>>> print(open('model.pdb').read())   # PDB, C-alpha atoms
ATOM      1  CA  MET J 124     113.496  94.450  81.219  1.00  0.00           C
ATOM      2  CA  LYS J 125     112.303  94.053  84.810  1.00  0.00           C
ATOM      3  CA  LYS J 126     109.398  92.061  86.203  1.00  0.00           C
ATOM      4  CA  PHE J 127     107.497  92.757  89.407  1.00  0.00           C
ATOM      5  CA  PHE J 128     104.631  90.963  91.137  1.00  0.00           C
ATOM      6  CA  ALA J 129     101.812  91.975  93.460  1.00  0.00           C
ATOM      7  CA  ALA J 130      99.195  89.760  95.082  1.00  0.00           C
ATOM      8  CA  ALA J 131      95.720  90.238  93.616  1.00  0.00           C
ATOM      9  CA  GLU J 132      93.931  91.004  96.870  1.00  0.00           C
ATOM     10  CA  THR J 133      90.402  92.059  97.613  1.00  0.00           C
ATOM     11  CA  LEU J 134      90.717  95.666  98.691  1.00  0.00           C
ATOM     12  CA  ASN J 135      89.593  96.789 102.107  1.00  0.00           C
ATOM     13  CA  ILE J 136      88.992 100.316 103.386  1.00  0.00           C
ATOM     14  CA  VAL J 137      92.711 100.497 104.129  1.00  0.00           C
ATOM     15  CA  ASP J 138      94.948  98.302 102.010  1.00  0.00           C
ATOM     16  CA  HIS J 139      98.682  97.772 102.326  1.00  0.00           C
ATOM     17  CA  HIS J 140     100.649  95.419 100.106  1.00  0.00           C
ATOM     18  CA  ALA J 141     104.058  94.970  98.540  1.00  0.00           C
ATOM     19  CA  ILE J 142     105.273  94.880  94.971  1.00  0.00           C
ATOM     20  CA  VAL J 143     108.172  92.439  94.759  1.00  0.00           C
ATOM     21  CA  ASP J 144     110.813  91.669  92.145  1.00  0.00           C
ATOM     22  CA  GLU J 145     111.481  88.270  90.562  1.00  0.00           C
ATOM     23  CA  MET J 146     113.536  87.277  93.626  1.00  0.00           C
ATOM     24  CA  ASP J 147     110.514  88.021  95.902  1.00  0.00           C
ATOM     25  CA  GLN J 148     112.328  91.018  97.402  1.00  0.00           C
ATOM     26  CA  GLU J 149     110.045  93.936  98.296  1.00  0.00           C
ATOM     27  CA  VAL J 150     110.719  96.929  96.044  1.00  0.00           C
ATOM     28  CA  TYR J 151     107.594  99.054  96.512  1.00  0.00           C
ATOM     29  CA  GLU J 152     105.143  99.338  99.388  1.00  0.00           C
ATOM     30  CA  VAL J 153     101.617 100.407  98.419  1.00  0.00           C
ATOM     31  CA  HIS J 154      99.176 102.068 100.831  1.00  0.00           C
ATOM     32  CA  ARG J 155      95.605 102.646  99.668  1.00  0.00           C
ATOM     33  CA  ASN J 156      93.302 104.781 101.776  1.00  0.00           C
ATOM     34  CA  PHE J 157      89.760 105.911 101.176  1.00  0.00           C
ATOM     35  CA  THR J 158      89.246 109.621 101.740  1.00  0.00           C
ATOM     36  CA  PHE J 159      86.195 111.856 101.821  1.00  0.00           C
ATOM     37  CA  TRP J 160      86.777 112.665  98.124  1.00  0.00           C
ATOM     38  CA  GLY J 161      87.568 109.147  96.947  1.00  0.00           C
ATOM     39  CA  ARG J 162      90.808 107.295  97.313  1.00  0.00           C
ATOM     40  CA  ARG J 163      94.472 108.108  97.725  1.00  0.00           C
ATOM     41  CA  VAL J 164      97.323 105.745  96.946  1.00  0.00           C
ATOM     42  CA  ASP J 165     100.790 106.322  98.388  1.00  0.00           C
ATOM     43  CA  VAL J 166     103.788 104.317  97.208  1.00  0.00           C
ATOM     44  CA  ARG J 167     107.094 103.971  99.052  1.00  0.00           C
ATOM     45  CA  LYS J 168     110.418 102.680  97.783  1.00  0.00           C
ATOM     46  CA  ASN J 169     113.206 101.839 100.247  1.00  0.00           C
ATOM     47  CA  SER J 170     110.952 103.137 103.065  1.00  0.00           C
ATOM     48  CA  GLU J 171     110.847 106.604 101.453  1.00  0.00           C
ATOM     49  CA  HIS J 172     107.647 108.077 100.005  1.00  0.00           C
ATOM     50  CA  LEU J 173     107.998 108.050  96.203  1.00  0.00           C
ATOM     51  CA  PHE J 174     104.652 109.151  94.717  1.00  0.00           C
ATOM     52  CA  SER J 175     100.931 109.467  95.358  1.00  0.00           C
ATOM     53  CA  ILE J 176      97.876 108.977  93.160  1.00  0.00           C
ATOM     54  CA  GLN J 177      94.771 111.051  93.869  1.00  0.00           C
ATOM     55  CA  LYS J 178      91.446 110.969  92.030  1.00  0.00           C
ATOM     56  CA  LEU J 179      89.980 114.301  91.001  1.00  0.00           C
ATOM     57  CA  ALA J 180      86.527 114.377  92.567  1.00  0.00           C
ATOM     58  CA  ILE J 181      84.791 116.519  89.955  1.00  0.00           C
ATOM     59  CA  SER J 182      85.292 114.780  86.625  1.00  0.00           C
ATOM     60  CA  PHE J 183      82.907 112.933  84.304  1.00  0.00           C
ATOM     61  CA  LEU J 184      85.520 110.425  83.143  1.00  0.00           C
ATOM     62  CA  PRO J 185      88.192 109.065  85.488  1.00  0.00           C
ATOM     63  CA  LYS J 186      90.979 111.594  86.061  1.00  0.00           C
ATOM     64  CA  TYR J 187      93.872 111.009  88.427  1.00  0.00           C
ATOM     65  CA  ILE J 188      96.903 113.066  89.384  1.00  0.00           C
ATOM     66  CA  VAL J 189     100.220 111.328  90.008  1.00  0.00           C
ATOM     67  CA  THR J 190     102.633 113.395  92.110  1.00  0.00           C
ATOM     68  CA  PHE J 191     106.238 112.344  92.715  1.00  0.00           C
ATOM     69  CA  ASP J 192     108.133 113.685  95.718  1.00  0.00           C
ATOM     70  CA  ASP J 193     110.760 115.156  93.368  1.00  0.00           C
ATOM     71  CA  GLY J 194     108.102 117.477  91.900  1.00  0.00           C
ATOM     72  CA  LYS J 195     107.256 115.465  88.780  1.00  0.00           C
ATOM     73  CA  LEU J 196     103.511 115.615  88.189  1.00  0.00           C
ATOM     74  CA  PHE J 197     101.262 114.164  85.509  1.00  0.00           C
ATOM     75  CA  THR J 198      97.602 113.337  84.967  1.00  0.00           C
ATOM     76  CA  ILE J 199      95.925 110.182  83.735  1.00  0.00           C
ATOM     77  CA  ASN J 200      92.627 110.670  81.922  1.00  0.00           C
ATOM     78  CA  GLY J 201      90.278 107.793  81.195  1.00  0.00           C
ATOM     79  CA  ARG J 202      88.533 107.317  77.870  1.00  0.00           C
ATOM     80  CA  MET J 203      86.183 104.359  78.025  1.00  0.00           C
ATOM     81  CA  SER J 204      84.899 102.477  75.027  1.00  0.00           C
ATOM     82  CA  LEU J 205      82.670  99.466  74.679  1.00  0.00           C
ATOM     83  CA  PHE J 206      85.435  96.839  74.626  1.00  0.00           C
ATOM     84  CA  ARG J 207      88.696  98.526  75.669  1.00  0.00           C
ATOM     85  CA  ASP J 208      89.984 101.046  78.173  1.00  0.00           C
ATOM     86  CA  ARG J 209      92.327 103.796  77.067  1.00  0.00           C
ATOM     87  CA  LEU J 210      94.037 106.039  79.583  1.00  0.00           C
ATOM     88  CA  ASP J 211      95.941 109.060  78.297  1.00  0.00           C
ATOM     89  CA  VAL J 212      98.944 110.300  80.275  1.00  0.00           C
ATOM     90  CA  GLU J 213      99.554 114.059  80.128  1.00  0.00           C
ATOM     91  CA  GLY J 214     102.569 115.890  81.492  1.00  0.00           C
ATOM     92  CA  LEU J 215     105.348 113.349  80.914  1.00  0.00           C
ATOM     93  CA  GLY J 216     106.465 114.660  77.545  1.00  0.00           C
ATOM     94  CA  GLY J 217     105.867 112.279  74.695  1.00  0.00           C
ATOM     95  CA  ASP J 218     102.781 110.326  73.790  1.00  0.00           C
ATOM     96  CA  TYR J 219     102.200 108.014  76.789  1.00  0.00           C
ATOM     97  CA  TYR J 220      98.996 106.053  77.204  1.00  0.00           C
ATOM     98  CA  ALA J 221      97.730 102.772  78.626  1.00  0.00           C
ATOM     99  CA  GLU J 222      95.316 100.524  76.794  1.00  0.00           C
ATOM    100  CA  GLY J 223      93.726  97.273  77.853  1.00  0.00           C
ATOM    101  CA  GLN J 224      90.956  94.742  77.874  1.00  0.00           C
ATOM    102  CA  LEU J 225      87.962  95.539  80.030  1.00  0.00           C
ATOM    103  CA  TRP J 226      87.363  92.063  81.384  1.00  0.00           C
ATOM    104  CA  ASP J 227      90.712  90.311  81.818  1.00  0.00           C
ATOM    105  CA  TYR J 228      93.145  92.739  83.486  1.00  0.00           C
ATOM    106  CA  SER J 229      95.497  92.854  80.533  1.00  0.00           C
ATOM    107  CA  TYR J 230      96.989  96.316  79.995  1.00  0.00           C
ATOM    108  CA  ARG J 231      99.922  97.751  78.023  1.00  0.00           C
ATOM    109  CA  VAL J 232     101.636 101.102  78.598  1.00  0.00           C
ATOM    110  CA  TYR J 233     102.831 102.783  75.401  1.00  0.00           C
ATOM    111  CA  ARG J 234     105.236 105.593  74.553  1.00  0.00           C
ATOM    112  CA  GLY J 235     104.074 106.357  71.038  1.00  0.00           C
ATOM    113  CA  GLU J 236     103.774 102.921  69.427  1.00  0.00           C
ATOM    114  CA  GLU J 237     106.410 101.310  71.681  1.00  0.00           C
ATOM    115  CA  VAL J 238     105.274  99.098  74.588  1.00  0.00           C
ATOM    116  CA  VAL J 239     107.179 100.261  77.682  1.00  0.00           C
ATOM    117  CA  GLY J 240     105.250  98.317  80.331  1.00  0.00           C
ATOM    118  CA  SER J 241     102.424  95.885  80.943  1.00  0.00           C
ATOM    119  CA  LEU J 242     100.088  94.492  83.586  1.00  0.00           C
ATOM    120  CA  GLU J 243      98.832  90.903  83.355  1.00  0.00           C
ATOM    121  CA  MET J 244      96.956  88.599  85.694  1.00  0.00           C
ATOM    122  CA  THR J 245      98.997  85.462  86.396  1.00  0.00           C
ATOM    123  CA  GLU J 246      99.453  82.832  89.088  1.00  0.00           C
ATOM    124  CA  ARG J 247     102.225  83.131  91.664  1.00  0.00           C
ATOM    125  CA  TRP J 248     102.524  81.830  95.214  1.00  0.00           C
ATOM    126  CA  GLY J 249      99.628  79.477  94.411  1.00  0.00           C
ATOM    127  CA  GLU J 250      97.140  82.331  93.929  1.00  0.00           C
ATOM    128  CA  GLU J 251      96.217  85.065  91.478  1.00  0.00           C
ATOM    129  CA  ALA J 252      98.803  87.812  91.185  1.00  0.00           C
ATOM    130  CA  PHE J 253      99.579  90.765  88.944  1.00  0.00           C
ATOM    131  CA  GLU J 254     102.692  90.560  86.814  1.00  0.00           C
ATOM    132  CA  ILE J 255     104.124  93.973  85.972  1.00  0.00           C
ATOM    133  CA  THR J 256     106.703  94.149  83.193  1.00  0.00           C
ATOM    134  CA  VAL J 257     108.837  97.249  82.670  1.00  0.00           C
ATOM    135  CA  GLU J 258     110.621  97.293  79.303  1.00  0.00           C
ATOM    136  CA  ASP J 259     112.557 100.565  79.764  1.00  0.00           C
ATOM    137  CA  GLU J 260     114.363 100.269  83.117  1.00  0.00           C
ATOM    138  CA  SER J 261     115.195 103.987  83.166  1.00  0.00           C
ATOM    139  CA  MET J 262     111.448 104.644  83.460  1.00  0.00           C
ATOM    140  CA  THR J 263     110.700 101.987  86.115  1.00  0.00           C
ATOM    141  CA  ASP J 264     109.179 104.292  88.754  1.00  0.00           C
ATOM    142  CA  VAL J 265     107.066 106.158  86.181  1.00  0.00           C
ATOM    143  CA  ILE J 266     105.806 102.931  84.578  1.00  0.00           C
ATOM    144  CA  ILE J 267     104.984 101.509  88.038  1.00  0.00           C
ATOM    145  CA  SER J 268     103.023 104.700  88.815  1.00  0.00           C
ATOM    146  CA  ILE J 269     101.040 104.444  85.562  1.00  0.00           C
ATOM    147  CA  ILE J 270     100.330 100.744  86.204  1.00  0.00           C
ATOM    148  CA  MET J 271      99.214 101.530  89.773  1.00  0.00           C
ATOM    149  CA  ALA J 272      96.877 104.237  88.435  1.00  0.00           C
ATOM    150  CA  VAL J 273      95.438 101.741  85.907  1.00  0.00           C
ATOM    151  CA  ASP J 274      94.787  99.337  88.786  1.00  0.00           C
ATOM    152  CA  VAL J 275      93.029 102.041  90.820  1.00  0.00           C
ATOM    153  CA  ILE J 276      90.887 103.152  87.854  1.00  0.00           C
ATOM    154  CA  VAL J 277      89.849  99.594  86.977  1.00  0.00           C
ATOM    155  CA  ASP J 278      89.119  98.811  90.629  1.00  0.00           C
ATOM    156  CA  ASP J 279      87.002 101.972  90.996  1.00  0.00           C
ATOM    157  CA  ARG J 280      85.047 101.066  87.856  1.00  0.00           C
ATOM    158  CA  ASP J 281      84.511  97.488  89.042  1.00  0.00           C
ATOM    159  CA  ARG J 282      83.286  98.737  92.424  1.00  0.00           C
ATOM    160  CA  ILE J 283      80.705 100.990  90.703  1.00  0.00           C
ATOM    161  CA  TYR J 284      79.338  98.183  88.512  1.00  0.00           C
ATOM    162  CA  SER J 285      79.334  95.402  91.108  1.00  0.00           C
TER
END
>>> encode(input="model.pdb", output="structure tokens")
Amino acid sequence: MKKFFAAAETLNIVDHHAIVDEMDQEVYEVHRNFTFWGRRVDVRKNSEHLFSIQKLAISFLPKYIVTFDDGKLFTINGRMSLFRDRLDVEGLGGDYYAEGQLWDYSYRVYRGEEVVGSLEMTERWGEEAFEITVEDESMTDVIISIIMAVDVIVDDRDRIYS
């Protein structure tokens, strides 16, 4: 199991922040940019581009494409309900999905019935931060990409309703 942390910042038009490990060492660098069609998120690891997340502009429910530099590609499709979010992940092989509470930033990533990752709001560095837990270390980059997509989807929804 690995834990990572990211500051819970108010997003600007261009947002850059780090995801650090438990030793406060930067592991991922996140760049969020607004585009004409929505928003694009690029994530680097060891100064090398690792993956990007792009929202599909023409979609009733949230739909995002995650593209890794090694050619791996999958989509995340939102299904909203009254009290919970559910995001289905297609293209990874297996039954991956994320599910969480609408109001408290508490999400779990599942492979079938097994929890393989989570996102929780916590306090670190004297301020609110996101705690990301990866249960299956062999899937760390994929779980981080799903968690980042969850963050983007929730942030987009909050921006619409605020």
>>> residues_near_point(input="model.pdb", point="(116.4, 93.9, 81.8)", cutoff="12 Å", atoms="only C-alpha atoms", output="VMD selection string")
chain J and resid 124 to 127 144 to 145 239 256 to 263
>>> residues_around(input="model.pdb", residues="Ser229 (chain J)", least_positions_apart="2", cutoff="7 Å", atoms="all atoms listed in the file", output="list in words")
Gly223, Gln224, Asp227, Leu242, Glu243 and Met244 of chain J
>>> residues_around(input="model.pdb", residues="Thr198 (chain J)", least_positions_apart="5", cutoff="6 Å", atoms="only C-alpha atoms", output="list in words")
Tyr187, Ile188, Val212 and Glu213 of chain J
>>> atom_distance(input="model.pdb", atom1="CA of Tyr219 (chain J)", atom2="CA of Ala141 (chain J)")
25.4 Å
>>> atom_distance(input="model.pdb", atom1="CA of Arg247 (chain J)", atom2="CA of Ala129 (chain J)")
9.0 Å
>>> resolve_selection(input="model.pdb", expression="the PyMOL selection byres ((chain J and resi 271) around 12)", output="CSV table (one decimal) with C-alpha atoms, keeping the file's coordinate frame")
chain,number,residue,atom,x,y,z
J,128,PHE,CA,104.6,91.0,91.1
J,129,ALA,CA,101.8,92.0,93.5
J,141,ALA,CA,104.1,95.0,98.5
J,142,ILE,CA,105.3,94.9,95.0
J,151,TYR,CA,107.6,99.1,96.5
J,152,GLU,CA,105.1,99.3,99.4
J,153,VAL,CA,101.6,100.4,98.4
J,154,HIS,CA,99.2,102.1,100.8
J,155,ARG,CA,95.6,102.6,99.7
J,163,ARG,CA,94.5,108.1,97.7
J,164,VAL,CA,97.3,105.7,96.9
J,165,ASP,CA,100.8,106.3,98.4
J,166,VAL,CA,103.8,104.3,97.2
J,174,PHE,CA,104.7,109.2,94.7
J,175,SER,CA,100.9,109.5,95.4
J,176,ILE,CA,97.9,109.0,93.2
J,177,GLN,CA,94.8,111.1,93.9
J,187,TYR,CA,93.9,111.0,88.4
J,188,ILE,CA,96.9,113.1,89.4
J,189,VAL,CA,100.2,111.3,90.0
J,199,ILE,CA,95.9,110.2,83.7
J,221,ALA,CA,97.7,102.8,78.6
J,230,TYR,CA,97.0,96.3,80.0
J,232,VAL,CA,101.6,101.1,78.6
J,240,GLY,CA,105.2,98.3,80.3
J,241,SER,CA,102.4,95.9,80.9
J,242,LEU,CA,100.1,94.5,83.6
J,253,PHE,CA,99.6,90.8,88.9
J,254,GLU,CA,102.7,90.6,86.8
J,255,ILE,CA,104.1,94.0,86.0
J,264,ASP,CA,109.2,104.3,88.8
J,265,VAL,CA,107.1,106.2,86.2
J,266,ILE,CA,105.8,102.9,84.6
J,267,ILE,CA,105.0,101.5,88.0
J,268,SER,CA,103.0,104.7,88.8
J,269,ILE,CA,101.0,104.4,85.6
J,270,ILE,CA,100.3,100.7,86.2
J,272,ALA,CA,96.9,104.2,88.4
J,273,VAL,CA,95.4,101.7,85.9
J,274,ASP,CA,94.8,99.3,88.8
J,275,VAL,CA,93.0,102.0,90.8
J,276,ILE,CA,90.9,103.2,87.9
J,277,VAL,CA,89.8,99.6,87.0
J,278,ASP,CA,89.1,98.8,90.6
>>> closest_residue(input="model.pdb", among="J:Tyr220, J:Phe197, J:Tyr228, J:Phe191", to="Arg167 (chain J)", atoms="all atoms listed in the file")
J:Phe191
>>> atom_distance(input="model.pdb", atom1="CA of Asp193 (chain J)", atom2="CA of Lys168 (chain J)")
13.2 Å
>>> build_atoms(input="model.pdb", residues="region 175-201 of chain J", atoms="N, CA, C and O atoms", output="short mmCIF file (atom, residue, chain, number, x, y, z; two decimals), keeping the file's coordinate frame")
data_model
loop_
_atom_site.label_atom_id
_atom_site.label_comp_id
_atom_site.auth_asym_id
_atom_site.auth_seq_id
_atom_site.Cartn_x
_atom_site.Cartn_y
_atom_site.Cartn_z
N SER J 175 102.32 109.69 94.95
CA SER J 175 100.93 109.47 95.36
C SER J 175 100.03 109.59 94.13
O SER J 175 100.37 110.26 93.16
N ILE J 176 98.89 108.93 94.21
CA ILE J 176 97.88 108.98 93.16
C ILE J 176 96.59 109.43 93.83
O ILE J 176 96.16 108.85 94.82
N GLN J 177 95.99 110.49 93.29
CA GLN J 177 94.77 111.05 93.87
C GLN J 177 93.74 111.24 92.76
O GLN J 177 94.06 111.80 91.72
N LYS J 178 92.53 110.79 93.00
CA LYS J 178 91.45 110.97 92.03
C LYS J 178 90.90 112.38 92.15
O LYS J 178 90.70 112.88 93.25
N LEU J 179 90.66 113.01 91.00
CA LEU J 179 89.98 114.30 91.00
C LEU J 179 88.49 114.04 91.20
O LEU J 179 87.89 113.26 90.46
N ALA J 180 87.91 114.67 92.18
CA ALA J 180 86.53 114.38 92.57
C ALA J 180 85.51 114.84 91.53
O ALA J 180 84.51 114.19 91.31
N ILE J 181 85.76 115.96 90.89
CA ILE J 181 84.79 116.52 89.96
C ILE J 181 85.28 116.28 88.54
O ILE J 181 86.01 117.08 87.97
N SER J 182 84.88 115.14 87.97
CA SER J 182 85.29 114.78 86.62
C SER J 182 84.34 113.71 86.11
O SER J 182 84.07 112.73 86.80
N PHE J 183 83.84 113.89 84.88
CA PHE J 183 82.91 112.93 84.30
C PHE J 183 83.60 111.59 84.05
O PHE J 183 83.13 110.55 84.44
N LEU J 184 84.72 111.62 83.37
CA LEU J 184 85.52 110.42 83.14
C LEU J 184 86.61 110.36 84.21
O LEU J 184 86.97 111.37 84.79
N PRO J 185 87.16 109.18 84.46
CA PRO J 185 88.19 109.06 85.49
C PRO J 185 89.38 109.97 85.18
O PRO J 185 89.88 110.01 84.06
N LYS J 186 89.81 110.72 86.20
CA LYS J 186 90.98 111.59 86.06
C LYS J 186 91.75 111.54 87.37
O LYS J 186 91.19 111.80 88.43
N TYR J 187 93.02 111.19 87.26
CA TYR J 187 93.87 111.01 88.43
C TYR J 187 95.14 111.83 88.26
O TYR J 187 95.66 111.97 87.15
N ILE J 188 95.64 112.33 89.38
CA ILE J 188 96.90 113.07 89.38
C ILE J 188 97.95 112.21 90.09
O ILE J 188 97.71 111.70 91.19
N VAL J 189 99.09 112.05 89.43
CA VAL J 189 100.22 111.33 90.01
C VAL J 189 101.27 112.37 90.36
O VAL J 189 101.70 113.13 89.49
N THR J 190 101.67 112.41 91.63
CA THR J 190 102.63 113.40 92.11
C THR J 190 103.82 112.68 92.74
O THR J 190 103.66 111.94 93.73
N PHE J 191 105.00 112.90 92.16
CA PHE J 191 106.24 112.34 92.72
C PHE J 191 106.81 113.34 93.71
O PHE J 191 106.63 114.55 93.59
N ASP J 192 107.53 112.82 94.69
CA ASP J 192 108.13 113.68 95.72
C ASP J 192 109.18 114.63 95.14
O ASP J 192 109.47 115.67 95.72
N ASP J 193 109.76 114.28 93.98
CA ASP J 193 110.76 115.16 93.37
C ASP J 193 110.14 116.29 92.56
O ASP J 193 110.83 117.06 91.90
N GLY J 194 108.80 116.40 92.59
CA GLY J 194 108.10 117.48 91.90
C GLY J 194 107.49 117.09 90.57
O GLY J 194 106.69 117.83 90.01
N LYS J 195 107.84 115.94 90.04
CA LYS J 195 107.26 115.46 88.78
C LYS J 195 105.77 115.23 89.00
O LYS J 195 105.36 114.65 90.01
N LEU J 196 104.96 115.70 88.06
CA LEU J 196 103.51 115.62 88.19
C LEU J 196 102.92 115.32 86.82
O LEU J 196 103.34 115.91 85.83
N PHE J 197 101.98 114.40 86.76
CA PHE J 197 101.26 114.16 85.51
C PHE J 197 99.85 113.69 85.81
O PHE J 197 99.55 113.31 86.94
N THR J 198 98.99 113.77 84.81
CA THR J 198 97.60 113.34 84.97
C THR J 198 97.33 112.14 84.08
O THR J 198 97.96 111.96 83.03
N ILE J 199 96.38 111.33 84.52
CA ILE J 199 95.92 110.18 83.74
C ILE J 199 94.43 110.35 83.55
O ILE J 199 93.68 110.47 84.51
N ASN J 200 94.02 110.42 82.29
CA ASN J 200 92.63 110.67 81.92
C ASN J 200 92.05 109.44 81.25
O ASN J 200 92.62 108.93 80.28
N GLY J 201 90.91 108.97 81.76
CA GLY J 201 90.28 107.79 81.19
C GLY J 201 89.40 108.13 80.01
O GLY J 201 88.72 109.15 79.99
#
